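Novice: What follows is model.tsv; its format and atoms are TSV, C-alpha atoms.
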```tsv
chain	number	residue	atom	x	y	z
L	21	MET	CA	95.04	111.01	108.96
L	22	GLN	CA	96.99	107.96	107.89
L	23	ARG	CA	98.12	107.71	104.30
L	24	ASP	CA	99.73	104.49	103.14
L	25	ALA	CA	101.78	104.54	99.96
L	26	GLN	CA	104.48	102.59	98.19
L	27	VAL	CA	106.92	104.10	95.74
L	28	LEU	CA	109.29	101.87	93.77
L	29	TYR	CA	111.84	103.00	91.18
L	30	ARG	CA	115.47	102.53	90.24
L	31	VAL	CA	118.18	105.02	91.14
L	32	PRO	CA	121.79	105.23	89.96
L	33	ARG	CA	124.69	104.52	92.28
L	34	SER	CA	125.89	108.10	91.91
L	35	ARG	CA	124.44	111.29	90.46
L	36	ARG	CA	125.78	114.79	89.86
L	37	GLY	CA	124.71	117.00	92.76
L	38	TRP	CA	124.95	114.27	95.39
L	39	GLU	CA	128.36	115.44	96.57
L	40	LEU	CA	128.57	116.34	100.24
L	41	SER	CA	129.01	120.02	100.97
L	42	GLU	CA	131.75	121.01	103.36
L	43	GLU	CA	129.66	123.94	104.61
L	44	THR	CA	127.54	123.51	107.73
L	45	MET	CA	124.11	125.10	107.49
L	46	PRO	CA	122.64	126.57	110.69
L	47	GLU	CA	119.83	124.53	112.22
L	48	SER	CA	116.61	125.95	113.63
L	49	VAL	CA	115.74	125.46	117.29
L	50	VAL	CA	112.87	123.12	116.33
L	51	HIS	CA	115.11	121.05	114.06
L	52	ASP	CA	117.90	120.79	116.61
L	53	ALA	CA	115.56	119.84	119.48
L	54	ALA	CA	113.90	117.11	117.40
L	55	VAL	CA	117.25	115.66	116.35
L	56	GLU	CA	118.74	115.71	119.86
L	57	LEU	CA	115.67	113.96	121.31
L	58	LEU	CA	115.74	111.18	118.71
L	59	LYS	CA	119.47	110.68	119.19
L	60	ALA	CA	119.04	110.46	122.98
L	61	ILE	CA	116.18	107.96	122.70
L	62	LEU	CA	118.09	105.75	120.28
L	63	ALA	CA	121.21	105.98	122.46
L	64	TRP	CA	119.17	104.55	125.33
L	65	TRP	CA	117.87	101.79	123.01
L	66	ALA	CA	121.40	101.03	121.82
L	67	SER	CA	122.62	100.74	125.41
L	68	GLN	CA	120.18	97.86	125.91
L	69	ARG	CA	121.47	95.99	122.86
L	70	GLY	CA	125.22	96.42	122.52
L	71	ASN	CA	127.32	96.54	119.33
L	72	VAL	CA	125.30	99.53	118.12
L	73	GLN	CA	126.58	103.06	117.49
L	74	ILE	CA	124.33	106.11	117.26
L	75	ALA	CA	125.84	109.01	115.31
L	76	ARG	CA	124.81	112.52	114.33
L	77	ASN	CA	125.80	114.11	111.02
L	78	LEU	CA	128.23	111.30	110.23
L	79	ALA	CA	128.96	111.17	106.48
L	80	ILE	CA	127.97	107.98	104.69
L	81	ARG	CA	129.83	107.28	101.44
L	82	TRP	CA	129.22	104.26	99.19
L	83	ASP	CA	130.85	104.83	95.79
L	84	GLU	CA	134.59	104.21	95.76
L	85	ASP	CA	134.82	105.66	92.26
L	86	ALA	CA	133.13	108.88	93.44
L	87	PRO	CA	134.12	109.22	97.11
L	88	SER	CA	132.75	112.76	97.41
L	89	VAL	CA	129.24	111.41	96.83
L	90	GLY	CA	127.48	110.79	100.11
L	91	VAL	CA	124.85	111.74	102.62
L	92	ASP	CA	125.07	112.92	106.21
L	93	PRO	CA	121.94	111.88	108.12
L	94	ASP	CA	120.83	113.87	111.13
L	95	VAL	CA	120.93	110.60	113.08
L	96	SER	CA	122.20	107.20	111.99
L	97	VAL	CA	122.24	103.74	113.58
L	98	LEU	CA	125.28	101.61	112.75
L	99	SER	CA	125.53	97.93	113.66
L	100	PRO	CA	128.12	96.65	113.83
L	101	PRO	CA	129.90	99.99	114.16
L	102	PRO	CA	133.10	100.59	112.18
L	103	PRO	CA	136.24	99.67	114.12
L	104	GLU	CA	137.94	103.10	114.02
L	105	ARG	CA	137.91	105.11	117.24
L	106	ASP	CA	138.21	108.45	115.44
L	107	LEU	CA	135.66	107.76	112.72
L	108	ARG	CA	135.23	110.62	110.23
L	109	SER	CA	132.93	108.92	107.73
L	110	VAL	CA	131.50	105.54	106.83
L	111	ARG	CA	132.90	104.23	103.54
L	112	THR	CA	131.00	101.09	102.71
L	113	TRP	CA	133.65	99.74	100.33
L	114	ILE	CA	136.06	99.37	103.29
L	115	ALA	CA	136.07	96.20	105.38
L	116	GLY	CA	134.13	96.74	108.61
L	117	HIS	CA	132.09	99.63	107.18
L	118	SER	CA	128.41	98.87	106.52
L	119	PRO	CA	125.49	101.06	105.46
L	120	PRO	CA	123.33	102.34	108.32
L	121	LEU	CA	120.59	100.11	109.62
L	122	LEU	CA	118.60	103.30	110.13
L	123	ALA	CA	118.95	106.90	109.01
L	124	ILE	CA	116.80	109.80	110.18
L	125	GLU	CA	116.32	113.13	108.46
L	126	VAL	CA	114.50	116.01	110.16
L	127	VAL	CA	113.26	118.30	107.41
L	128	SER	CA	114.99	121.65	107.24
L	129	GLU	CA	112.85	124.73	106.60
L	130	THR	CA	115.63	126.19	104.46
L	131	ASN	CA	115.82	123.25	102.03
L	132	PRO	CA	112.88	120.81	102.38
L	133	HIS	CA	113.33	119.68	98.77
L	134	GLU	CA	116.58	117.96	99.80
L	135	ASP	CA	114.87	115.77	102.40
L	136	TYR	CA	111.73	115.02	100.38
L	137	VAL	CA	113.06	114.48	96.88
L	138	ILE	CA	116.81	113.85	96.94
L	139	ALA	CA	117.33	112.04	100.26
L	140	PRO	CA	115.27	108.89	99.48
L	141	ASP	CA	117.25	108.31	96.26
L	142	LYS	CA	120.56	108.74	98.03
L	143	TYR	CA	119.63	106.40	100.86
L	144	ALA	CA	118.37	103.86	98.34
L	145	ALA	CA	121.73	103.98	96.56
L	146	SER	CA	123.70	103.83	99.82
L	147	GLY	CA	122.25	100.51	100.96
L	148	THR	CA	120.59	101.99	104.07
L	149	ARG	CA	118.02	99.57	105.45
L	150	GLU	CA	115.41	102.02	106.81
L	151	LEU	CA	114.89	105.79	106.58
L	152	TRP	CA	112.66	108.06	108.65
L	153	ILE	CA	111.86	111.54	107.40
L	154	PHE	CA	110.27	113.77	110.05
L	155	ASP	CA	108.81	117.13	109.05
L	156	PRO	CA	107.92	118.88	112.34
L	157	LEU	CA	106.74	122.13	110.74
L	158	LEU	CA	105.25	120.58	107.58
L	159	ALA	CA	107.69	122.60	105.52
L	160	GLY	CA	107.88	120.09	102.69
L	161	PRO	CA	106.49	120.47	99.17
L	162	ASN	CA	102.91	119.66	98.16
L	163	SER	CA	104.05	117.19	95.51
L	164	HIS	CA	103.00	113.57	95.84
L	165	GLY	CA	100.33	114.50	98.40
L	166	GLY	CA	102.71	116.12	100.89
L	167	PRO	CA	103.74	117.59	103.14
L	168	PHE	CA	103.84	114.61	105.48
L	169	ARG	CA	104.71	114.71	109.17
L	170	ILE	CA	106.26	111.22	109.02
L	171	GLN	CA	107.63	109.13	106.19
L	172	VAL	CA	109.09	105.65	106.58
L	173	TRP	CA	111.16	104.15	103.77
L	174	LEU	CA	112.49	100.60	103.98
L	175	ARG	CA	114.35	98.02	101.98
L	176	ASP	CA	112.10	95.05	101.26
L	177	ALA	CA	112.97	91.37	100.86
L	178	GLN	CA	113.76	91.92	97.17
L	179	GLY	CA	116.17	94.74	97.99
L	180	SER	CA	113.92	97.53	96.68
L	181	PHE	CA	113.67	100.77	98.66
L	182	VAL	CA	109.98	101.60	99.13
L	183	ARG	CA	108.00	104.14	101.07
L	184	SER	CA	105.85	102.11	103.45
L	185	TYR	CA	104.20	105.04	105.23
L	186	ALA	CA	103.47	108.72	104.70
L	187	GLY	CA	101.15	110.62	107.02
L	188	ASP	CA	100.63	112.11	110.44
L	189	GLY	CA	101.38	108.92	112.38
L	190	PRO	CA	101.56	106.71	114.24
L	191	ALA	CA	103.84	104.79	111.88
L	192	ARG	CA	105.35	101.36	112.36
L	193	SER	CA	109.12	100.85	112.15
L	194	GLU	CA	110.04	97.26	111.38
L	195	LEU	CA	113.67	97.89	112.24
L	196	VAL	CA	113.12	98.86	115.87
L	197	ALA	CA	109.82	96.92	116.13
L	198	ALA	CA	108.04	99.95	117.54
L	199	HIS	CA	105.85	102.89	116.57
L	200	LEU	CA	106.71	106.47	115.67
L	201	VAL	CA	104.43	109.00	117.36
L	202	THR	CA	104.51	112.78	117.47
L	203	ALA	CA	104.65	114.95	120.59
L	204	ASP	CA	104.75	118.66	121.47
L	205	GLU	CA	102.10	119.58	118.88
L	206	GLY	CA	103.92	117.64	116.18
L	207	ARG	CA	107.29	119.29	116.75
L	208	LYS	CA	108.98	116.20	118.17
L	209	LEU	CA	109.08	112.55	117.17
L	210	ARG	CA	109.12	109.82	119.78
L	211	ILE	CA	109.24	106.03	119.74
L	212	ALA	CA	106.70	103.91	121.60
L	213	ASP	CA	105.87	100.26	122.12
L	214	ASP	CA	102.23	100.96	121.23
L	215	PRO	CA	100.62	103.08	118.49
L	216	LEU	CA	98.84	105.25	121.07
L	217	GLY	CA	102.17	106.32	122.54
L	218	THR	CA	101.33	105.31	126.11
L	219	ARG	CA	104.59	103.36	126.52
L	220	LEU	CA	107.22	105.77	125.26
L	221	TRP	CA	110.86	104.83	124.96
L	222	PRO	CA	112.86	107.07	127.31
L	223	THR	CA	116.13	108.86	127.01
L	224	ALA	CA	118.82	107.75	129.49
L	225	GLU	CA	118.03	110.82	131.59
L	226	GLU	CA	114.32	110.05	131.61
L	227	ALA	CA	114.98	106.40	132.50
L	228	GLU	CA	117.22	107.42	135.39
L	229	ARG	CA	114.65	109.89	136.69
L	230	ALA	CA	111.87	107.29	136.46
L	231	ALA	CA	114.01	104.76	138.35
L	232	LYS	CA	114.67	107.28	141.15
L	233	GLU	CA	110.99	108.14	141.40
L	234	GLU	CA	110.09	104.45	141.56
L	235	ALA	CA	112.68	103.89	144.30
L	236	LEU	CA	111.29	106.80	146.32
L	237	LEU	CA	107.78	105.39	145.99
L	238	ARG	CA	108.99	102.00	147.24
L	239	ILE	CA	110.71	103.63	150.22
L	240	ALA	CA	107.57	105.61	151.03
L	241	ALA	CA	105.46	102.47	150.82
L	242	LEU	CA	107.82	100.59	153.16
L	243	GLU	CA	107.78	103.44	155.68
L	244	ALA	CA	104.00	103.56	155.57
L	245	ALA	CA	103.86	99.80	156.15
L	246	ARG	CA	106.19	100.10	159.18
L	247	ARG	CA	104.06	102.86	160.69
L	248	ASN	CA	100.97	100.73	160.28
L	249	ASP	CA	102.70	97.78	161.94
L	250	ARG	CA	103.74	99.94	164.91
L	251	GLY	CA	100.23	101.34	165.19
```
Take the structure from the file and write it as structure tokens.
Specialist:
Amino acid sequence: MQRDAQVLYRVPRSRRGWELSEETMPESVVHDAAVELLKAILAWWASQRGNVQIARNLAIRWDEDAPSVGVDPDVSVLSPPPPERDLRSVRTWIAGHSPPLLAIEVVSETNPHEDYVIAPDKYAASGTRELWIFDPLLAGPNSHGGPFRIQVWLRDAQGSFVRSYAGDGPARSELVAAHLVTADEGRKLRIADDPLGTRLWPTAEEAERAAKEEALLRIAALEAARRNDRG
């Protein structure tokens, strides 16, 4: 069921409790598989565009006066990417460092409150252009009508950060000009050219495999045509 909603409010640039933890929490198999698939799909997309970097768990920091404040998205899309080869974090007050075009959070079963309640405020403050929140196991809270399988937050023409979609999908992403659709009984999120998900974006591995299969089909067709000519 599709649920459309818009939420608009002001958030501070920094807030106590937004500091990044140095501890790494273990990820579930479902969480890790969903993140790796989205990163692989967006890496293929980035390879078609150029000047785009796809990162996982890269810290984003935006307040020079409180540099420990930040967020580390499961997947982020940076364009143009920062110039450093050994990038440790994005610091948007430094020349060449810009907020992500896109950030993706896959909801953690151990702390869904973080992704549902705190993350949108932090991404609003950071200057991120678009945020996807994917909840494969519907582990989020019931507040505000949730849990939602997919949420899309975006920065509108006035600079406000609003939730443009909350529901089961498909959901439209203006940033990538495509649709977000679920797969594997809702445990994975994929990107497609159409809302029905019939034209899925591939990973590089899937694209290579499809190209090989197409080449084999062409060879088989040519061999069949030669046999017919000889007959």
Novice: Mind pulling up the distance from atom CA of Ala60 of chain L to atom CA of Ile138 of chain L?
Specialist: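 Going from atom CA of Ile138 of chain L over to atom CA of Ala60 of chain L, I get 26.4 Å.
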Novice: Any idea what the distance is between atom CA of Thr218 of chain L and atom CA of Gln68 of chain L?
Specialist: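 Atom CA of Gln68 of chain L lies at a distance of 20.3 Å from atom CA of Thr218 of chain L.
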Novice: Calculate how many Å separate atom CA of Ile170 of chain L from atom CA of Leu158 of chain L, rounding to one decimal.
Specialist: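 Computing the Euclidean distance for atom CA of Ile170 of chain L and atom CA of Leu158 of chain L yields 9.5 Å.
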Novice: Which residue gives the smallest distance to His133 of chain L among L:Val89, L:Ile114, L:Val172, L:Ile153, with only C-alpha atoms counted?
Specialist: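 Using only C-alpha atoms, His133 of chain L sits closest to L:Ile153.
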Novice: Pick from L:Pro102, L:Val127, L:Pro222, L:Asp141: nearest to Ala115 of chain L, with all atoms listed in the file counted?
Specialist: L:Pro102
Novice: Taking all heavy atoms as the atom set, what does segment 94-105 of chain L look like once completed, written as a PDB file, in the coordinates of the input?
Specialist:
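Result written to out.pdb:
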```
ATOM      1  N   ASP L  94     120.883 113.209 109.831  1.00  0.00           N
ATOM      2  CA  ASP L  94     120.830 113.870 111.130  1.00  0.00           C
ATOM      3  C   ASP L  94     121.151 112.893 112.243  1.00  0.00           C
ATOM      4  O   ASP L  94     121.852 113.222 113.197  1.00  0.00           O
ATOM      5  CB  ASP L  94     119.446 114.487 111.349  1.00  0.00           C
ATOM      6  CG  ASP L  94     119.219 115.705 110.484  1.00  0.00           C
ATOM      7  OD1 ASP L  94     120.130 116.548 110.394  1.00  0.00           O
ATOM      8  OD2 ASP L  94     118.134 115.829 109.893  1.00  0.00           O
ATOM      9  N   VAL L  95     120.620 111.675 112.136  1.00  0.00           N
ATOM     10  CA  VAL L  95     120.930 110.600 113.080  1.00  0.00           C
ATOM     11  C   VAL L  95     121.076 109.312 112.278  1.00  0.00           C
ATOM     12  O   VAL L  95     120.308 109.075 111.336  1.00  0.00           O
ATOM     13  CB  VAL L  95     119.821 110.420 114.134  1.00  0.00           C
ATOM     14  CG1 VAL L  95     120.184 109.291 115.117  1.00  0.00           C
ATOM     15  CG2 VAL L  95     119.568 111.716 114.895  1.00  0.00           C
ATOM     16  N   SER L  96     122.049 108.498 112.640  1.00  0.00           N
ATOM     17  CA  SER L  96     122.200 107.200 111.990  1.00  0.00           C
ATOM     18  C   SER L  96     122.470 106.127 113.040  1.00  0.00           C
ATOM     19  O   SER L  96     123.042 106.398 114.104  1.00  0.00           O
ATOM     20  CB  SER L  96     123.327 107.212 110.946  1.00  0.00           C
ATOM     21  OG  SER L  96     124.555 107.606 111.526  1.00  0.00           O
ATOM     22  N   VAL L  97     122.040 104.905 112.719  1.00  0.00           N
ATOM     23  CA  VAL L  97     122.240 103.740 113.580  1.00  0.00           C
ATOM     24  C   VAL L  97     123.144 102.778 112.822  1.00  0.00           C
ATOM     25  O   VAL L  97     122.783 102.305 111.733  1.00  0.00           O
ATOM     26  CB  VAL L  97     120.909 103.063 113.930  1.00  0.00           C
ATOM     27  CG1 VAL L  97     121.151 101.789 114.745  1.00  0.00           C
ATOM     28  CG2 VAL L  97     120.005 104.027 114.694  1.00  0.00           C
ATOM     29  N   LEU L  98     124.308 102.484 113.387  1.00  0.00           N
ATOM     30  CA  LEU L  98     125.280 101.610 112.750  1.00  0.00           C
ATOM     31  C   LEU L  98     125.455 100.349 113.586  1.00  0.00           C
ATOM     32  O   LEU L  98     125.675 100.433 114.794  1.00  0.00           O
ATOM     33  CB  LEU L  98     126.633 102.315 112.629  1.00  0.00           C
ATOM     34  CG  LEU L  98     126.625 103.674 111.928  1.00  0.00           C
ATOM     35  CD1 LEU L  98     127.991 104.325 112.051  1.00  0.00           C
ATOM     36  CD2 LEU L  98     126.219 103.540 110.485  1.00  0.00           C
ATOM     37  N   SER L  99     125.340  99.192 112.943  1.00  0.00           N
ATOM     38  CA  SER L  99     125.530  97.930 113.660  1.00  0.00           C
ATOM     39  C   SER L  99     125.919  96.842 112.658  1.00  0.00           C
ATOM     40  O   SER L  99     125.155  96.555 111.737  1.00  0.00           O
ATOM     41  CB  SER L  99     124.252  97.529 114.399  1.00  0.00           C
ATOM     42  OG  SER L  99     124.457  96.333 115.124  1.00  0.00           O
ATOM     43  N   PRO L 100     127.121  96.275 112.832  1.00  0.00           N
ATOM     44  CA  PRO L 100     128.120  96.650 113.830  1.00  0.00           C
ATOM     45  C   PRO L 100     128.777  97.969 113.457  1.00  0.00           C
ATOM     46  O   PRO L 100     128.863  98.307 112.274  1.00  0.00           O
ATOM     47  CB  PRO L 100     129.122  95.490 113.764  1.00  0.00           C
ATOM     48  CG  PRO L 100     129.021  94.995 112.349  1.00  0.00           C
ATOM     49  CD  PRO L 100     127.573  95.150 111.980  1.00  0.00           C
ATOM     50  N   PRO L 101     129.247  98.710 114.461  1.00  0.00           N
ATOM     51  CA  PRO L 101     129.900  99.990 114.160  1.00  0.00           C
ATOM     52  C   PRO L 101     131.270  99.760 113.528  1.00  0.00           C
ATOM     53  O   PRO L 101     131.909  98.734 113.760  1.00  0.00           O
ATOM     54  CB  PRO L 101     130.025 100.639 115.536  1.00  0.00           C
ATOM     55  CG  PRO L 101     130.007  99.509 116.507  1.00  0.00           C
ATOM     56  CD  PRO L 101     129.148  98.447 115.894  1.00  0.00           C
ATOM     57  N   PRO L 102     131.745 100.696 112.723  1.00  0.00           N
ATOM     58  CA  PRO L 102     133.100 100.590 112.180  1.00  0.00           C
ATOM     59  C   PRO L 102     134.132 100.520 113.299  1.00  0.00           C
ATOM     60  O   PRO L 102     133.906 101.042 114.398  1.00  0.00           O
ATOM     61  CB  PRO L 102     133.250 101.873 111.352  1.00  0.00           C
ATOM     62  CG  PRO L 102     131.849 102.272 111.011  1.00  0.00           C
ATOM     63  CD  PRO L 102     131.027 101.876 112.208  1.00  0.00           C
ATOM     64  N   PRO L 103     135.268  99.905 113.043  1.00  0.00           N
ATOM     65  CA  PRO L 103     136.240  99.670 114.120  1.00  0.00           C
ATOM     66  C   PRO L 103     137.032 100.903 114.539  1.00  0.00           C
ATOM     67  O   PRO L 103     137.590 100.914 115.636  1.00  0.00           O
ATOM     68  CB  PRO L 103     137.161  98.596 113.530  1.00  0.00           C
ATOM     69  CG  PRO L 103     137.071  98.794 112.041  1.00  0.00           C
ATOM     70  CD  PRO L 103     135.659  99.243 111.786  1.00  0.00           C
ATOM     71  N   GLU L 104     137.100 101.950 113.705  1.00  0.00           N
ATOM     72  CA  GLU L 104     137.940 103.100 114.020  1.00  0.00           C
ATOM     73  C   GLU L 104     137.410 103.873 115.217  1.00  0.00           C
ATOM     74  O   GLU L 104     136.206 104.111 115.334  1.00  0.00           O
ATOM     75  CB  GLU L 104     138.026 104.058 112.822  1.00  0.00           C
ATOM     76  CG  GLU L 104     138.738 103.478 111.620  1.00  0.00           C
ATOM     77  CD  GLU L 104     137.785 102.756 110.686  1.00  0.00           C
ATOM     78  OE1 GLU L 104     136.670 102.386 111.117  1.00  0.00           O
ATOM     79  OE2 GLU L 104     138.151 102.561 109.528  1.00  0.00           O
ATOM     80  N   ARG L 105     138.312 104.307 116.094  1.00  0.00           N
ATOM     81  CA  ARG L 105     137.910 105.110 117.240  1.00  0.00           C
ATOM     82  C   ARG L 105     137.596 106.545 116.818  1.00  0.00           C
ATOM     83  O   ARG L 105     136.674 107.165 117.330  1.00  0.00           O
ATOM     84  CB  ARG L 105     139.012 105.112 118.298  1.00  0.00           C
ATOM     85  CG  ARG L 105     139.233 103.756 118.972  1.00  0.00           C
ATOM     86  CD  ARG L 105     140.291 103.848 120.054  1.00  0.00           C
ATOM     87  NE  ARG L 105     139.931 104.809 121.093  1.00  0.00           N
ATOM     88  CZ  ARG L 105     140.723 105.142 122.104  1.00  0.00           C
ATOM     89  NH1 ARG L 105     141.934 104.590 122.194  1.00  0.00           N
ATOM     90  NH2 ARG L 105     140.329 106.008 123.021  1.00  0.00           N
TER      91      ARG L 105
END
```
